[in-house]
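See below for the structure under consideration.
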Amino acid sequence: MPVVRSVHLRGGVLLARIKKAAVIGAGVMGAAIAGHLANAGIRTVLLDIVPKELTEKEKAKGLTLEDKAVRNRIARTGKERLFKEKPSPIFHKKTADLIEVGNLEDDLEKLGEADWVIEAIIENLEIKQSLFAKVEEVWKPGIIVSSNTSGISIHEMVKERSAEFRSHFLGTHFFNPPRYMKLLEIIPTEDTSDSIVSGMKAFSESVLGKGVVTAKDTPNFIANRIGVYGLQVTFQKMLEDGLGPDEVDSVTGRAMGRPKSATFRTLDLVGLDTFVHVSDNVRENVEEPEEKKAFEVPDLLREMVEKGWLGSKSGQGFFKKVKTDKGKEILVLDPETKEYRPRRKLKAPSLEMAKRAKTMKEQLRALVYADDAAGRFAWYITKKVLLYSAARIPEIADDIVSVDRAMRWGFNWDLGPFQVWDAIGVEKSVARMKEEGETIPPLVEELLASGKKSFYEESPEEIQAFHLGGELRKVEEHPKTIDLARLKEQGKVIKSNRGASLIDIGDDVLCLEFHSPKNAIAADIIQMIQHSVKEVSENYRGLVIGNHGDNFCVGANLMLILMEAQDQNWPELDLMVRQFQKAMGSLRYVDRPVVAAPFNMTLGGGVEVSLPCDRIQASSELYMGLVETGVGLIPGGGGNKEMLLRWMDGVDPKDRISLQPLVNKVFETIAMAKVSTSAEEARDYRFLRREDGITMNRDHLLYDAKQQVLALDAAGYRVPKPRKVPVVGETGYNTLRLGAYGMLQSGYISEHDYKIAGKLAYVLAGGTVPEGTLVDEQYLLDIEREAFLSLAGEPKSQQRMQYMLTKNKPLRN
């Protein structure tokens with residue numbers, strides 16, 4: 001085995017130590033990979049070819065083909081694209097500072113300075129082979145080299161390279177966009193060193209935040225092989241049944257546990273030309289006639305590509321956005337007429353039954369076994385995908401777990417194929433498949449012959465998966481994974497109610513898990529917060545606040561607030577806000593460390609839960625903001641006070657000159673309902689402090705938060721003391737109002753926006769006390785609560801709340 005300079009042990013896990021990387025190819029994918037490496041803090045050089053012609057702008061500047069600006073143009077353009085794309089491939093504008101641009105003629109030797117070199121050029125085997133010959137000229141032992149190909153043979157690319165080079169070479173197939181898509185397929189060859197494979201897997205999981213599956217060097221690997229097959233089957237069935245893309249998407253989206261973009265909106269997003277290329281690649285590289293036929297691209301799809309109807313990137317594909325008298329409208333392509341028409345949904349009893357189902361198992365069974373148009377369609381495409389997936393083992397992967405993870409992480413399915421099979425019942429579905437004349441793959445026949453009725457067997461301690469040969473093997477989880485559902489099954493719940501549970505996660509640390517609808521905060525969660533604080537204080541080392549929901553917390557229960565306000569039940573609403581404020585205060589002043597673990601949408605009350613905690617360990621994907629002004633309110637659970645404390649950290653209370661600009665920042669952040677687009681950007685707004693941590697892999701978030709608790713405890717945790725807060729008082733209040741009045745006069749905000757801004761200004765200024773007055777935290781909480789209740793009584797605020805609840809977007813009135 002070769003000596004590998006870039007692999008080391010961390011906590012017993014082999015981990016590639018990559019401090020500097022190089023990406024060859026500055027196209028959409030290559031630049032985005034460079035961007036995500038920079039997201040992870042890795043210095044990256046981005047290289048591409050030297051242009052052969054000058055642009056008109058370059059000619060106007062008097063530049064020549066020898067000027068560096070021209071020679072690096074393609075790579076520079078790729079880097080600049082990172083700032084323009086939406087959603088952004090990078091966490092923060094400053095992230096791109098870690099990316100250096102160059103070209104393959106002048107900067108080839110820089111590849112020898114990298115720990116990892118990634119090829120992301122055109123999908124052409126000969127060109128890739130030629131490139132790797134050049135790479136080896138500057139390559140040094142220990143440097144990992146990989147290809148981001150989506151389907152070309154990894155072995156063939158480097159078969160002429162030296163044995164040592166080949167031992168450091170593998171495929172690393174990122175899914176697009178790399179920042180947001182969890183899946184990374186690692187494809188070793190027979191020559192790839194085992195230490196390289198294990199080191200890259202550990203590195204990609206921990207540092208890049210990826211879900212890694214090991215695939216075999218077969219056409220299109222795992223996810224695209226099965227995913228594209230499923231798309232082809234769906235397309236062909238649509239044409240056969242005379243349905244439209246919109247009608248099919250009614251079935252193949254959330255009803256089947258797949259993304260809202262379903263089938264044809266997904267194809268538009270991916271690009272029809274990309275889909276055709278991937279499909280052709282499989283068809284050209286598989287042997288079985290039936291499989292070749294399955295990957296034949298329908299004539300309609302080729303015609304669309306020839307016309308330039310490529311999907312979202314060309315403005316039209318299966319869907320097309322047009323302007324009408326009523327505003328913007330999305331039309332859909334009719335496969336028969338090849339004209340665009342208004343969208344319609346396929347209506348079927350099974351779709352309604354699926355919506356009402358409480359579990360994914362019930363949902364899938366209600367759909368695929370229904371005898372209506374939607375049910376028959378769902379059954380057919382599900383059947384075909386399940387049979388195809390089982391037939392491809394062990395060709396594309398050695399185990400069903402890799403296939404299921406690839407489809408969940410790469411195509412955002414709720415369940416992988418074998419999990420779907422378990423959900424609908426293996427025995428029942430196989431019996432029907434046989435009746436319909438289908439050939440059952442050996443893996444499935446072997447499962448049933450062994451007397452087992454499912455591919456997975458679960459117990460509170462572990463999950464086992466069925467393997468070829470009839471063996472059940474434990475499904476290995478990453479050591480940093482804390483599974484709250486499994487802990488509940490093991491009896492680790494300390495206390496629970498409808499809104500939240502308090503769970504022992506080991507090492508004398510508890511986790512407070514929200515599980516109300518959308519994790520919205522109401523009385524039940526507030527009660528659990530208060531109980532958690534008491535329990536932790538008396539018996540444990542500390543508390544983590546986190547969960548496995550789609551979002552950490554979308555805020556307070558807006559419906560409850562609106563109902564109380566409309567009923568003018570002010571004593572009850574006042575009590576609710578007081579209790580929320582008191583619970584947040586208990587998080588701040590409990591005598592044990594508390595760490596919040598927010599992720600994805602963390603809005604309003606979710607922010608207010610996080611801010612008082614001793615630390616925040618945030619997911620890198622964090623969309624955090626105090627957004628109450630959007631529903632006609634201001635923060636009422638201490639958010640204003642907490643933001644003032646954060647911005648005034650380290651400021652001399654006597655230094656009045658420096659206070660106003662800080663208060664202005666807080667006012668601007670809350671009044672404009674600013675929401676971070678990443679955890680890194682959340683630092684700009686002071687939602688996160690310098691000492692707060694960021695976790696790239698959300699599966700590791702609770703573990704990392706727990707480590708923060710243990711570290712604070714080991715350091716001899718001390719309770720923070722209540723602070724006196726210097727306020728800008730009446731002078732600052734007038735300054736803030738004046739700024740808001742200017743926006744009103746300019747037409748940027750409405751009269752009601754101005755009223756909300758005035759209430760917020762009063763709270764942040766500390767009322768009309770003299771400038772520089774030191775006030776206690778309870779004073780700020782009291783005036784915050786009064787302002788909140790006052791706005792809740794405003795008819796226009798109630799209109800905003802109602803609109804948000806019904807339309808899920810803010811109303812400007």
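Residues are named by chain letter and number: chains run A, B, ... in the order of the structure tokens, numbers start at 1 in each chain, and ligands are numbered from 1 in the order shown.
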Mind running region 712-756 of chain A against region 536-550 of chain A at 12 Å and telling me each contacting residue's nearest atom pair with the distance in Å (one decimal), counting only C-alpha atoms, chain and number ascending, as a Markdown table?
| residue | atom | partner | partner_atom | distance |
| --- | --- | --- | --- | --- |
| A:Leu712 | CA | A:Gly542 | CA | 8.8 |
| A:Asp713 | CA | A:Arg541 | CA | 6.6 |
| A:Ala714 | CA | A:Arg541 | CA | 9.3 |
| A:Ala715 | CA | A:Arg541 | CA | 11.9 |
| A:Gly716 | CA | A:Arg541 | CA | 10.8 |
| A:Tyr717 | CA | A:Arg541 | CA | 9.7 |
| A:Val719 | CA | A:Ser537 | CA | 11.3 |
Residues from the last selection, C-alpha atoms, saved as a compact mmCIF listing (two decimals), in the first residue's frame:
# COMPACT_ATOMS: atom_id res chain seq x y z
CA LEU A 712 -18.47 24.24 28.69
CA ASP A 713 -19.13 21.94 31.63
CA ALA A 714 -15.54 20.67 31.71
CA ALA A 715 -14.26 24.26 31.70
CA GLY A 716 -16.15 24.96 34.94
CA TYR A 717 -19.31 26.59 33.62
CA VAL A 719 -23.92 31.30 35.15
Residue nearest Ala255 (chain A) - candidates A:Ala120, A:Leu331, A:Val197, A:Met360, atoms counted: only C-alpha atoms: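 Distance minimum relative to Ala255 (chain A) lands on A:Met360.
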In region 320-534 of chain A, DSSP helix (DSSP H, G or I) residues written as number ranges by chain: A: 349-356, 360-368, 373-391, 400-411, 417-424, 426-435, 442-449, 484-489, 517-519, 523-534
Best match for closeness to Ile118 (chain A) among A:Leu47, A:Gly637, A:Glu786, A:Tyr779, counting only C-alpha atoms: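 Of A:Leu47, A:Gly637, A:Glu786, A:Tyr779, the one nearest Ile118 (chain A), counting only C-alpha atoms, is A:Leu47.
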Distance criterion (only C-alpha atoms): nearest to Leu364 (chain A) out of A:Arg588, A:Arg258, A:Lys79, A:Arg646: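 Ranked by minimum distance to Leu364 (chain A), first place goes to A:Arg258.
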Residues near region 433-437 of chain A, cut-off 12 Å, only C-alpha atoms, skip fewer than 5 positions along chain, as a PyMOL selection string: chain A and resi 379-380+382-384+386-387+426-428+444-445
Keeping only all heavy atoms, write those residues as a compact mmCIF listing (two decimals), in the first residue's frame.
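The new file part.txt reads:
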# COMPACT_ATOMS: atom_id res chain seq x y z
N TRP A 379 -48.59 2.73 -9.31
CA TRP A 379 -48.19 1.32 -9.18
C TRP A 379 -47.21 0.92 -10.27
O TRP A 379 -46.19 0.30 -10.00
CB TRP A 379 -49.42 0.41 -9.22
CG TRP A 379 -49.05 -1.03 -9.50
CD1 TRP A 379 -49.21 -1.71 -10.65
CD2 TRP A 379 -48.39 -1.93 -8.59
NE1 TRP A 379 -48.71 -3.00 -10.55
CE2 TRP A 379 -48.21 -3.16 -9.28
CE3 TRP A 379 -47.96 -1.83 -7.27
CZ2 TRP A 379 -47.60 -4.26 -8.69
CZ3 TRP A 379 -47.34 -2.94 -6.68
CH2 TRP A 379 -47.18 -4.13 -7.38
N TYR A 380 -47.52 1.29 -11.52
CA TYR A 380 -46.69 0.86 -12.64
C TYR A 380 -45.26 1.39 -12.50
O TYR A 380 -44.30 0.61 -12.62
CB TYR A 380 -47.29 1.34 -13.96
CG TYR A 380 -46.48 0.91 -15.16
CD1 TYR A 380 -46.62 -0.36 -15.71
CD2 TYR A 380 -45.54 1.77 -15.72
CE1 TYR A 380 -45.86 -0.77 -16.79
CE2 TYR A 380 -44.77 1.38 -16.81
CZ TYR A 380 -44.93 0.11 -17.35
OH TYR A 380 -44.15 -0.28 -18.42
N THR A 382 -43.75 2.60 -9.85
CA THR A 382 -43.13 2.08 -8.63
C THR A 382 -42.64 0.65 -8.86
O THR A 382 -41.51 0.29 -8.53
CB THR A 382 -44.12 2.11 -7.45
OG1 THR A 382 -44.50 3.46 -7.20
CG2 THR A 382 -43.50 1.51 -6.20
N LYS A 383 -43.49 -0.16 -9.44
CA LYS A 383 -43.14 -1.55 -9.73
C LYS A 383 -41.87 -1.63 -10.56
O LYS A 383 -40.94 -2.39 -10.24
CB LYS A 383 -44.31 -2.22 -10.48
CG LYS A 383 -44.00 -3.61 -11.00
CD LYS A 383 -45.17 -4.19 -11.81
CE LYS A 383 -45.32 -3.50 -13.16
NZ LYS A 383 -46.32 -4.20 -14.02
N LYS A 384 -41.84 -0.85 -11.64
CA LYS A 384 -40.70 -0.90 -12.55
C LYS A 384 -39.40 -0.47 -11.86
O LYS A 384 -38.34 -1.10 -12.05
CB LYS A 384 -40.96 -0.03 -13.78
CG LYS A 384 -42.00 -0.60 -14.73
CD LYS A 384 -41.54 -1.93 -15.32
CE LYS A 384 -42.49 -2.48 -16.37
NZ LYS A 384 -42.04 -3.78 -16.90
N LEU A 386 -38.70 -0.54 -8.60
CA LEU A 386 -38.31 -1.52 -7.58
C LEU A 386 -37.65 -2.73 -8.22
O LEU A 386 -36.60 -3.21 -7.75
CB LEU A 386 -39.53 -1.96 -6.77
CG LEU A 386 -40.25 -0.87 -5.95
CD1 LEU A 386 -41.33 -1.50 -5.07
CD2 LEU A 386 -39.28 -0.07 -5.10
N LEU A 387 -38.23 -3.24 -9.28
CA LEU A 387 -37.66 -4.40 -9.96
C LEU A 387 -36.29 -4.08 -10.55
O LEU A 387 -35.35 -4.88 -10.45
CB LEU A 387 -38.61 -4.88 -11.06
CG LEU A 387 -39.92 -5.53 -10.59
CD1 LEU A 387 -40.89 -5.70 -11.75
CD2 LEU A 387 -39.65 -6.88 -9.91
N VAL A 426 -43.61 -6.47 0.78
CA VAL A 426 -42.88 -7.23 -0.24
C VAL A 426 -43.73 -8.39 -0.76
O VAL A 426 -43.88 -8.57 -1.98
CB VAL A 426 -41.54 -7.76 0.32
CG1 VAL A 426 -40.79 -8.54 -0.76
CG2 VAL A 426 -40.67 -6.60 0.82
N GLU A 427 -44.31 -9.17 0.14
CA GLU A 427 -45.10 -10.34 -0.29
C GLU A 427 -46.26 -9.94 -1.17
O GLU A 427 -46.48 -10.51 -2.25
CB GLU A 427 -45.61 -11.10 0.94
CG GLU A 427 -44.57 -11.98 1.61
CD GLU A 427 -45.19 -12.82 2.71
OE1 GLU A 427 -45.93 -12.26 3.54
OE2 GLU A 427 -44.93 -14.04 2.74
N LYS A 428 -47.02 -8.96 -0.73
CA LYS A 428 -48.21 -8.54 -1.46
C LYS A 428 -47.85 -7.99 -2.84
O LYS A 428 -48.48 -8.32 -3.85
CB LYS A 428 -48.97 -7.48 -0.66
CG LYS A 428 -50.24 -6.99 -1.32
CD LYS A 428 -50.97 -5.98 -0.43
CE LYS A 428 -52.26 -5.48 -1.10
NZ LYS A 428 -52.98 -4.51 -0.23
N VAL A 444 -34.77 -10.62 -4.50
CA VAL A 444 -36.11 -10.63 -3.89
C VAL A 444 -36.59 -12.05 -3.67
O VAL A 444 -37.16 -12.37 -2.61
CB VAL A 444 -37.11 -9.85 -4.78
CG1 VAL A 444 -38.45 -9.72 -4.07
CG2 VAL A 444 -36.56 -8.48 -5.14
N GLU A 445 -36.34 -12.92 -4.63
CA GLU A 445 -36.72 -14.33 -4.48
C GLU A 445 -35.99 -14.94 -3.28
O GLU A 445 -36.57 -15.72 -2.50
CB GLU A 445 -36.38 -15.11 -5.75
CG GLU A 445 -37.20 -14.71 -6.97
CD GLU A 445 -38.60 -15.33 -6.96
OE1 GLU A 445 -39.10 -15.68 -5.87
OE2 GLU A 445 -39.20 -15.45 -8.05
Residue neighbourhood region 560-563 of chain A, 9 Å, only C-alpha atoms, exclusion window fewer than 4 positions, as a VMD selection string: chain A and resid 522 556 567 to 569 573 792 798 801 to 802
Strand (DSSP E) residues, from DSSP on the backbone, in region 43-221 of chain A, as a PyMOL selection string: chain A and resi 43-48+99-103+116-119+144-147+169-174+183-188+211-214
Could you dump the residues just selected with N, CA and C atoms as a short mmCIF file (atom, residue, chain, number, x, y, z; two decimals), in the first residue's frame?
data_model
loop_
_atom_site.label_atom_id
_atom_site.label_comp_id
_atom_site.auth_asym_id
_atom_site.auth_seq_id
_atom_site.Cartn_x
_atom_site.Cartn_y
_atom_site.Cartn_z
N ARG A 43 -8.72 26.28 0.74
CA ARG A 43 -8.17 27.12 -0.34
C ARG A 43 -8.16 26.32 -1.63
N THR A 44 -8.67 26.92 -2.69
CA THR A 44 -8.88 26.18 -3.94
C THR A 44 -8.40 27.00 -5.13
N VAL A 45 -7.66 26.35 -6.01
CA VAL A 45 -7.29 27.00 -7.26
C VAL A 45 -8.20 26.42 -8.35
N LEU A 46 -8.79 27.30 -9.14
CA LEU A 46 -9.73 26.93 -10.20
C LEU A 46 -9.06 27.21 -11.55
N LEU A 47 -8.88 26.16 -12.33
CA LEU A 47 -8.16 26.28 -13.60
C LEU A 47 -9.03 25.90 -14.77
N ASP A 48 -8.77 26.53 -15.92
CA ASP A 48 -9.43 26.14 -17.16
C ASP A 48 -8.48 26.45 -18.31
N ILE A 99 -10.84 31.27 -3.32
CA ILE A 99 -10.69 30.69 -4.65
C ILE A 99 -9.72 31.53 -5.48
N GLU A 100 -8.66 30.90 -5.95
CA GLU A 100 -7.69 31.54 -6.83
C GLU A 100 -7.93 31.03 -8.24
N VAL A 101 -7.84 31.91 -9.23
CA VAL A 101 -8.09 31.46 -10.61
C VAL A 101 -6.78 31.40 -11.39
N GLY A 102 -6.78 30.56 -12.43
CA GLY A 102 -5.60 30.43 -13.26
C GLY A 102 -5.94 29.69 -14.53
N ASN A 103 -4.92 29.20 -15.22
CA ASN A 103 -5.16 28.45 -16.45
C ASN A 103 -4.21 27.26 -16.53
N TRP A 116 -5.70 17.73 -3.01
CA TRP A 116 -6.75 17.03 -3.78
C TRP A 116 -6.96 17.78 -5.09
N VAL A 117 -6.90 17.06 -6.20
CA VAL A 117 -7.14 17.62 -7.53
C VAL A 117 -8.42 17.00 -8.07
N ILE A 118 -9.37 17.83 -8.49
CA ILE A 118 -10.66 17.34 -9.01
C ILE A 118 -10.80 17.77 -10.46
N GLU A 119 -11.05 16.80 -11.30
CA GLU A 119 -11.31 17.08 -12.72
C GLU A 119 -12.81 17.23 -12.94
N ILE A 144 -4.28 13.29 -3.81
CA ILE A 144 -5.47 12.56 -4.26
C ILE A 144 -5.99 13.22 -5.53
N VAL A 145 -6.32 12.42 -6.52
CA VAL A 145 -6.85 12.93 -7.78
C VAL A 145 -8.19 12.23 -8.04
N SER A 146 -9.18 13.00 -8.47
CA SER A 146 -10.48 12.39 -8.74
C SER A 146 -11.16 13.05 -9.93
N SER A 147 -12.15 12.34 -10.45
CA SER A 147 -12.97 12.86 -11.54
C SER A 147 -14.39 13.05 -11.06
N PHE A 169 -6.24 7.51 -7.26
CA PHE A 169 -7.28 8.05 -8.14
C PHE A 169 -8.63 7.36 -7.88
N LEU A 170 -9.69 8.15 -7.97
CA LEU A 170 -11.05 7.62 -7.78
C LEU A 170 -12.05 8.60 -8.38
N GLY A 171 -13.29 8.17 -8.47
CA GLY A 171 -14.36 9.06 -8.90
C GLY A 171 -15.00 9.71 -7.69
N THR A 172 -15.30 10.99 -7.80
CA THR A 172 -16.05 11.71 -6.75
C THR A 172 -17.17 12.47 -7.45
N HIS A 173 -18.32 11.84 -7.54
CA HIS A 173 -19.43 12.41 -8.29
C HIS A 173 -20.32 13.24 -7.39
N PHE A 174 -20.15 14.57 -7.46
CA PHE A 174 -20.99 15.50 -6.72
C PHE A 174 -22.33 15.65 -7.44
N LEU A 183 -25.80 14.15 -1.65
CA LEU A 183 -25.11 12.95 -2.13
C LEU A 183 -23.75 13.24 -2.76
N LEU A 184 -22.78 12.41 -2.37
CA LEU A 184 -21.50 12.33 -3.07
C LEU A 184 -21.23 10.84 -3.29
N GLU A 185 -21.15 10.44 -4.55
CA GLU A 185 -20.80 9.06 -4.88
C GLU A 185 -19.29 8.96 -5.02
N ILE A 186 -18.70 8.07 -4.26
CA ILE A 186 -17.27 7.79 -4.38
C ILE A 186 -17.12 6.48 -5.16
N ILE A 187 -16.32 6.53 -6.23
CA ILE A 187 -16.19 5.36 -7.11
C ILE A 187 -14.72 4.97 -7.20
N PRO A 188 -14.30 4.00 -6.40
CA PRO A 188 -12.92 3.53 -6.50
C PRO A 188 -12.76 2.56 -7.67
N GLY A 211 -23.38 13.17 2.31
CA GLY A 211 -23.77 11.79 2.55
C GLY A 211 -23.08 10.98 1.48
N VAL A 212 -22.18 10.09 1.86
CA VAL A 212 -21.33 9.39 0.90
C VAL A 212 -21.81 7.95 0.71
N VAL A 213 -21.92 7.54 -0.54
CA VAL A 213 -22.12 6.12 -0.85
C VAL A 213 -20.99 5.69 -1.77
N THR A 214 -20.56 4.45 -1.57
CA THR A 214 -19.52 3.90 -2.44
C THR A 214 -20.20 3.14 -3.57
#
Residue neighbourhood Ala705 (chain A), 9 Å, only C-alpha atoms, exclusion window fewer than 3 positions, as a list in words: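 Here the answer would be Val544, Ile545, Gly546, Val595, Ala596, Ala597, Arg615, Ile616, Gln617, Ala618, Gly693, His700, Leu701, Leu702, Gln708, Val709 and Leu710 of chain A.
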Minimum-distance residue to Lys338 (chain A), chosen among A:Glu352, A:Glu681, A:Asp299, A:Asp115 (using only C-alpha atoms):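 Once distances to Lys338 (chain A) are computed over only C-alpha atoms, the minimum belongs to A:Asp299.
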Residue contacts of Met584 (chain A) (7 Å, only C-alpha atoms) excluding same-chain residues fewer than 4 positions away, as a list of chain:residue names: A:Phe580, A:Arg588, A:Val609, A:Pro612
Residue nearest Ala75 (chain A) - candidates A:Glu288, A:Asp107, A:Glu395, A:Glu730, atoms counted: only C-alpha atoms: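 Looking only at the distances to Ala75 (chain A), the closest residue turns out to be A:Asp107.
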Residue nearest Gly739 (chain A) - candidates A:Glu668, A:Ala69, A:Phe83, A:Gln799, atoms counted: only C-alpha atoms: A:Glu668
Shell of 7 Å around Pro635 (chain A), only C-alpha atoms, local chain residues under 4 positions omitted, as a PyMOL selection string: chain A and resi 604+626+628+639-640
